[in-house]
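Shown here: target-v7.tsv, TSV, C-alpha atoms.
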chain	number	residue	atom	x	y	z
A	22	LEU	CA	0.00	0.00	0.00
A	23	CYS	CA	2.89	2.33	0.68
A	24	ALA	CA	4.59	1.56	-2.63
A	25	VAL	CA	1.95	3.26	-4.79
A	26	PRO	CA	1.98	6.62	-3.00
A	27	ALA	CA	5.76	6.54	-2.94
A	28	HIS	CA	5.83	5.99	-6.70
A	29	ASP	CA	3.30	8.77	-7.27
A	30	ASP	CA	5.30	11.13	-5.06
A	31	CYS	CA	8.42	10.45	-7.07
A	32	ARG	CA	6.57	10.99	-10.35
A	33	GLU	CA	5.11	14.26	-9.11
A	34	HIS	CA	8.55	15.35	-7.94
A	35	ARG	CA	10.07	14.44	-11.31
A	36	LEU	CA	7.40	16.35	-13.24
A	37	SER	CA	7.81	19.36	-10.99
A	38	ALA	CA	11.54	19.36	-11.65
A	39	GLU	CA	10.96	19.12	-15.40
A	40	ASP	CA	8.41	21.93	-15.24
A	41	ALA	CA	10.85	24.09	-13.32
A	42	GLN	CA	13.49	23.56	-15.99
A	43	ALA	CA	11.01	24.34	-18.77
A	44	ARG	CA	9.69	27.56	-17.23
A	45	PRO	CA	12.71	29.77	-18.09
A	46	CYS	CA	12.54	28.56	-21.71
A	47	HIS	CA	8.82	29.22	-21.91
A	48	ARG	CA	9.31	32.63	-20.33
A	49	ASP	CA	12.00	33.51	-22.87
A	50	GLU	CA	9.75	32.42	-25.73
A	51	ALA	CA	6.86	34.45	-24.37
A	52	ARG	CA	9.09	37.50	-23.97
A	53	ALA	CA	10.38	37.13	-27.52
A	54	ARG	CA	6.81	36.95	-28.88
A	55	ILE	CA	5.77	40.00	-26.88
A	56	LEU	CA	8.90	41.86	-27.94
A	57	LEU	CA	8.18	41.27	-31.63
A	58	ALA	CA	4.69	42.69	-31.20
A	59	VAL	CA	6.00	45.59	-29.12
A	60	GLY	CA	8.50	46.40	-31.85
A	61	ARG	CA	5.73	46.47	-34.43
A	62	GLY	CA	3.73	48.78	-32.22
A	63	PHE	CA	6.57	51.24	-31.75
A	64	ARG	CA	7.39	51.19	-35.47
A	65	LYS	CA	3.81	51.93	-36.46
A	66	TYR	CA	2.78	54.45	-33.82
A	67	GLY	CA	6.03	55.83	-32.41
A	68	PHE	CA	7.00	55.95	-28.75
A	69	GLY	CA	4.54	58.71	-27.92
A	70	GLY	CA	1.73	57.30	-30.02
A	71	ILE	CA	1.15	54.10	-28.09
A	72	GLY	CA	0.95	53.26	-24.40
A	73	VAL	CA	1.43	50.10	-22.39
A	74	ASP	CA	-2.19	49.07	-22.89
A	75	GLY	CA	-1.79	49.47	-26.65
A	76	LEU	CA	1.45	47.53	-26.68
A	77	ALA	CA	-0.12	44.75	-24.64
A	78	LYS	CA	-3.02	44.66	-27.08
A	79	GLU	CA	-0.58	44.38	-30.00
A	80	ALA	CA	1.01	41.42	-28.22
A	81	GLU	CA	-2.39	39.94	-27.30
A	82	VAL	CA	-1.52	39.85	-23.61
A	83	THR	CA	-2.73	41.72	-20.54
A	84	SER	CA	-0.96	44.80	-19.24
A	85	GLY	CA	0.00	42.71	-16.24
A	86	ALA	CA	1.70	40.17	-18.49
A	87	PHE	CA	3.53	43.02	-20.24
A	88	TYR	CA	4.91	44.23	-16.91
A	89	GLY	CA	5.96	40.69	-16.15
A	90	HIS	CA	8.60	41.09	-18.89
A	91	PHE	CA	9.32	44.83	-18.99
A	92	SER	CA	9.55	47.29	-16.13
A	93	SER	CA	8.22	50.20	-18.20
A	94	LYS	CA	7.36	51.33	-21.71
A	95	LEU	CA	10.88	52.77	-21.99
A	96	ASP	CA	12.37	49.42	-21.01
A	97	ALA	CA	10.32	47.75	-23.74
A	98	PHE	CA	11.36	50.37	-26.29
A	99	ASN	CA	15.02	49.89	-25.42
A	100	ALA	CA	14.70	46.13	-25.93
A	101	ALA	CA	12.74	46.54	-29.17
A	102	ALA	CA	15.29	48.96	-30.60
A	103	ILE	CA	18.19	46.63	-29.80
A	104	VAL	CA	16.45	43.62	-31.32
A	105	GLY	CA	15.43	45.62	-34.38
A	106	ILE	CA	18.98	46.72	-35.13
A	107	ALA	CA	20.30	43.23	-34.43
A	108	ASP	CA	17.80	41.94	-37.01
A	109	LEU	CA	19.20	44.43	-39.53
A	110	ARG	CA	22.69	43.06	-38.97
A	111	SER	CA	21.40	39.51	-39.41
A	112	GLY	CA	19.77	40.58	-42.66
A	113	VAL	CA	23.01	42.10	-43.96
A	114	LEU	CA	24.93	38.92	-43.15
A	115	GLN	CA	22.24	36.81	-44.81
A	116	PHE	CA	22.43	38.86	-48.01
A	117	GLN	CA	26.21	38.44	-47.99
A	118	ALA	CA	25.87	34.69	-47.53
A	119	ASP	CA	23.21	34.35	-50.23
A	120	TRP	CA	24.64	36.67	-52.90
A	121	GLY	CA	28.39	36.77	-52.30
A	122	SER	CA	30.14	39.68	-53.98
A	123	ALA	CA	26.81	40.86	-55.47
A	124	TRP	CA	25.14	41.19	-52.07
A	125	ALA	CA	25.21	44.99	-51.86
A	126	GLU	CA	23.17	45.59	-55.01
A	127	HIS	CA	20.54	43.07	-53.92
A	128	PHE	CA	20.44	44.57	-50.43
A	129	ILE	CA	20.05	48.09	-51.83
A	130	ASP	CA	17.20	47.00	-54.09
A	131	PHE	CA	15.46	45.17	-51.24
A	132	TYR	CA	15.78	48.10	-48.88
A	133	LEU	CA	14.53	50.67	-51.39
A	134	THR	CA	11.58	48.56	-52.52
A	135	THR	CA	10.33	46.14	-49.87
A	136	ARG	CA	11.37	48.23	-46.89
A	137	ARG	CA	9.97	51.36	-48.54
A	138	THR	CA	6.56	49.91	-49.36
A	139	CYS	CA	5.85	47.42	-46.56
A	140	ASP	CA	3.57	48.28	-43.69
A	141	LEU	CA	5.32	50.65	-41.31
A	142	SER	CA	5.01	48.11	-38.51
A	143	GLU	CA	7.29	45.80	-40.52
A	144	GLY	CA	9.77	48.50	-41.50
A	145	CYS	CA	13.47	48.54	-40.73
A	146	ALA	CA	14.29	49.63	-37.18
A	147	LEU	CA	17.02	51.95	-38.47
A	148	GLN	CA	14.47	53.90	-40.46
A	149	THR	CA	11.45	53.67	-38.16
A	150	LEU	CA	12.93	53.82	-34.66
A	151	THR	CA	15.92	56.16	-35.05
A	152	PRO	CA	13.80	59.33	-34.75
A	153	GLU	CA	12.51	57.98	-31.42
A	154	VAL	CA	15.98	57.03	-30.22
A	155	VAL	CA	17.16	60.60	-30.84
A	156	ARG	CA	14.71	61.74	-28.14
A	157	ALA	CA	15.45	58.86	-25.77
A	158	SER	CA	17.71	58.63	-22.74
A	159	VAL	CA	21.49	58.41	-22.81
A	160	GLU	CA	21.24	54.73	-21.89
A	161	VAL	CA	18.91	53.91	-24.77
A	162	ARG	CA	21.11	55.79	-27.25
A	163	ALA	CA	24.23	54.03	-25.95
A	164	ASN	CA	22.62	50.61	-26.39
A	165	PHE	CA	21.37	51.55	-29.84
A	166	GLU	CA	24.82	52.84	-30.81
A	167	ALA	CA	26.50	49.60	-29.75
A	168	GLU	CA	24.19	47.52	-31.95
A	169	LEU	CA	24.39	49.96	-34.83
A	170	GLN	CA	28.18	49.80	-34.75
A	171	LYS	CA	27.90	46.04	-35.31
A	172	VAL	CA	25.68	46.64	-38.33
A	173	ALA	CA	28.19	49.07	-39.85
A	174	GLU	CA	31.00	46.58	-39.28
A	175	ALA	CA	28.99	43.86	-41.01
A	176	VAL	CA	28.30	46.15	-43.98
A	177	ALA	CA	31.94	47.24	-44.15
A	178	GLN	CA	33.26	43.69	-44.31
A	179	GLY	CA	31.21	43.14	-47.45
A	180	LEU	CA	32.30	46.29	-49.29
A	181	THR	CA	35.20	44.59	-51.02
A	182	GLU	CA	35.26	47.11	-53.87
A	183	ILE	CA	36.33	49.83	-51.44
A	184	ASN	CA	39.77	50.33	-49.92
A	185	ASP	CA	40.10	48.89	-46.43
A	186	LYS	CA	40.70	52.26	-44.78
A	187	ASP	CA	37.55	53.71	-46.33
A	188	ARG	CA	35.15	50.83	-45.71
A	189	MET	CA	33.71	51.94	-42.37
A	190	GLY	CA	33.03	55.41	-43.69
A	191	ALA	CA	31.37	53.94	-46.75
A	192	ALA	CA	29.30	51.61	-44.56
A	193	TRP	CA	28.00	54.52	-42.50
A	194	ALA	CA	27.27	56.47	-45.67
A	195	LEU	CA	25.35	53.56	-47.20
A	196	LEU	CA	23.24	52.96	-44.11
A	197	SER	CA	22.49	56.67	-43.78
A	198	LEU	CA	21.65	56.98	-47.46
A	199	LEU	CA	19.26	54.05	-47.50
A	200	SER	CA	17.45	54.83	-44.25
A	201	GLY	CA	17.21	58.52	-45.11
A	202	ALA	CA	15.89	57.80	-48.59
A	203	VAL	CA	13.20	55.45	-47.28
A	204	THR	CA	12.17	58.02	-44.68
A	205	ALA	CA	11.85	60.70	-47.36
A	206	ALA	CA	10.05	58.36	-49.76
A	207	ARG	CA	7.55	57.36	-47.08
A	208	SER	CA	6.87	60.98	-46.17
A	209	VAL	CA	5.40	62.02	-49.54
A	210	ASN	CA	1.90	61.39	-50.86
A	211	SER	CA	2.88	61.00	-54.50
A	212	PRO	CA	3.75	57.39	-55.43
A	213	ASP	CA	5.73	58.68	-58.41
A	214	LEU	CA	7.80	60.98	-56.23
A	215	SER	CA	8.40	58.16	-53.77
A	216	VAL	CA	9.75	56.03	-56.60
A	217	ASN	CA	11.91	58.90	-57.87
A	218	ILE	CA	13.45	59.34	-54.43
A	219	ALA	CA	14.22	55.63	-54.27
A	220	GLU	CA	15.70	55.57	-57.77
A	221	GLY	CA	17.94	58.53	-57.02
A	222	ALA	CA	19.11	56.90	-53.80
A	223	ARG	CA	19.73	53.61	-55.63
A	224	ALA	CA	21.97	55.31	-58.20
A	225	ALA	CA	23.97	57.05	-55.47
A	226	ALA	CA	24.24	53.88	-53.38
A	227	LEU	CA	25.53	51.84	-56.33
A	228	LEU	CA	28.16	54.49	-57.07
A	229	LEU	CA	29.22	54.26	-53.45
A	230	VAL	CA	29.57	50.48	-53.22
A	231	ASN	CA	31.25	50.18	-56.63
A	232	ALA	CA	33.81	52.88	-55.97
A	233	LYS	CA	36.74	51.01	-57.52
A	234	LYS	CA	34.79	50.06	-60.65
A	235	ASN	CA	33.89	53.69	-61.21
A	236	LEU	CA	37.48	54.95	-61.18

Final structure tokens representation of the file:
Amino acid sequence: LCAVPAHDDCREHRLSAEDAQARPCHRDEARARILLAVGRGFRKYGFGGIGVDGLAKEAEVTSGAFYGHFSSKLDAFNAAAIVGIADLRSGVLQFQADWGSAWAEHFIDFYLTTRRTCDLSEGCALQTLTPEVVRASVEVRANFEAELQKVAEAVAQGLTEINDKDRMGAAWALLSLLSGAVTAARSVNSPDLSVNIAEGARAAALLLVNAKKNL
């Protein structure tokens, strides 16, 4: 009679231990899902255009669940900005892996078409969140800068047509050109003008990345 309860106790203890090990993983997954939705909310509405209740609604969670992962709206914005810029770096590296020496032209075309015309909530963090970061705290800007530096380094390593000493400068110029062009193109009502802005930026960007070929 004692053997059955003892077995059940052990099983319950084993399941509890397994559950305890799984909880951090589940919590991380939940945070990642919420963070993706939070990032979309900030991209679409801006920092001042959406509150915690709105962000929680975007993530399909309660405000209480939101605060279970982020201490404040600013904390969530900081995390979303970091993840967004890290995603940009991953995208650059993926283009380099997929297209080799031709990666830059494909990346430029993607950025000036897909990233210009997609829903703002799915836009590039460099283009959509930078204006908000400018107004943010020193800590947020420092974290953003650290991630952005990694993006520039990833771009620079792929600019093989440019002299080594000039690659970082060219990388910063390319990122600024693309994000600025998409911002300008998104700001106008005329579809034709939006396209013209993108085409002008494309021509300038290709001149930049093919510096040696143009000598």

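Checking A:Met189, A:Leu95, A:Ala205, A:Ala118 one by one against Gln148 in chain A, counting all atoms listed in the file, you find the shortest gap at A:Ala205.
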
**Q.** Residue nearest Ser158 in chain A - candidates A:Leu214, A:Thr135, A:Gly144, A:Asn99, atoms counted: all atoms listed in the file
**A.** A:Asn99

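Minimum atom-to-atom distances from A:Ala225, A:Ile106, A:Val113, A:Cys139 to Val176 in chain A were compared using all atoms listed in the file, and the lowest value belongs to A:Val113.
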
Q) Distance CA of Val172 in chain A-CA of Arg110 in chain A, one decimal place? A)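 Separating CA of Val172 in chain A from CA of Arg110 in chain A is a distance of 4.7 Å.
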
Name all residues at most 12 Å from Ala123 in chain A (count only C-alpha atoms; drop same-chain ones fewer than 4 positions away) and give them as an mmCIF file with C-alpha atoms, in the coordinates of the input.
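Here's the written file out_26.cif:
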data_model
loop_
_atom_site.group_PDB
_atom_site.id
_atom_site.type_symbol
_atom_site.label_atom_id
_atom_site.label_comp_id
_atom_site.auth_asym_id
_atom_site.auth_seq_id
_atom_site.Cartn_x
_atom_site.Cartn_y
_atom_site.Cartn_z
ATOM 1 C CA PHE A 116 22.430 38.860 -48.010
ATOM 2 C CA GLN A 117 26.210 38.440 -47.990
ATOM 3 C CA ALA A 118 25.870 34.690 -47.530
ATOM 4 C CA ASP A 119 23.210 34.350 -50.230
ATOM 5 C CA HIS A 127 20.540 43.070 -53.920
ATOM 6 C CA PHE A 128 20.440 44.570 -50.430
ATOM 7 C CA ILE A 129 20.050 48.090 -51.830
ATOM 8 C CA ASP A 130 17.200 47.000 -54.090
ATOM 9 C CA GLY A 179 31.210 43.140 -47.450
ATOM 10 C CA LEU A 180 32.300 46.290 -49.290
ATOM 11 C CA THR A 181 35.200 44.590 -51.020
ATOM 12 C CA GLU A 182 35.260 47.110 -53.870
ATOM 13 C CA LEU A 227 25.530 51.840 -56.330
ATOM 14 C CA VAL A 230 29.570 50.480 -53.220
ATOM 15 C CA ASN A 231 31.250 50.180 -56.630
#

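Near Phe68 in chain A, within 8 Å and counting all atoms listed in the file, sit Phe63, Phe98 and Glu153 of chain A; same-chain residues fewer than 5 positions away were not included.
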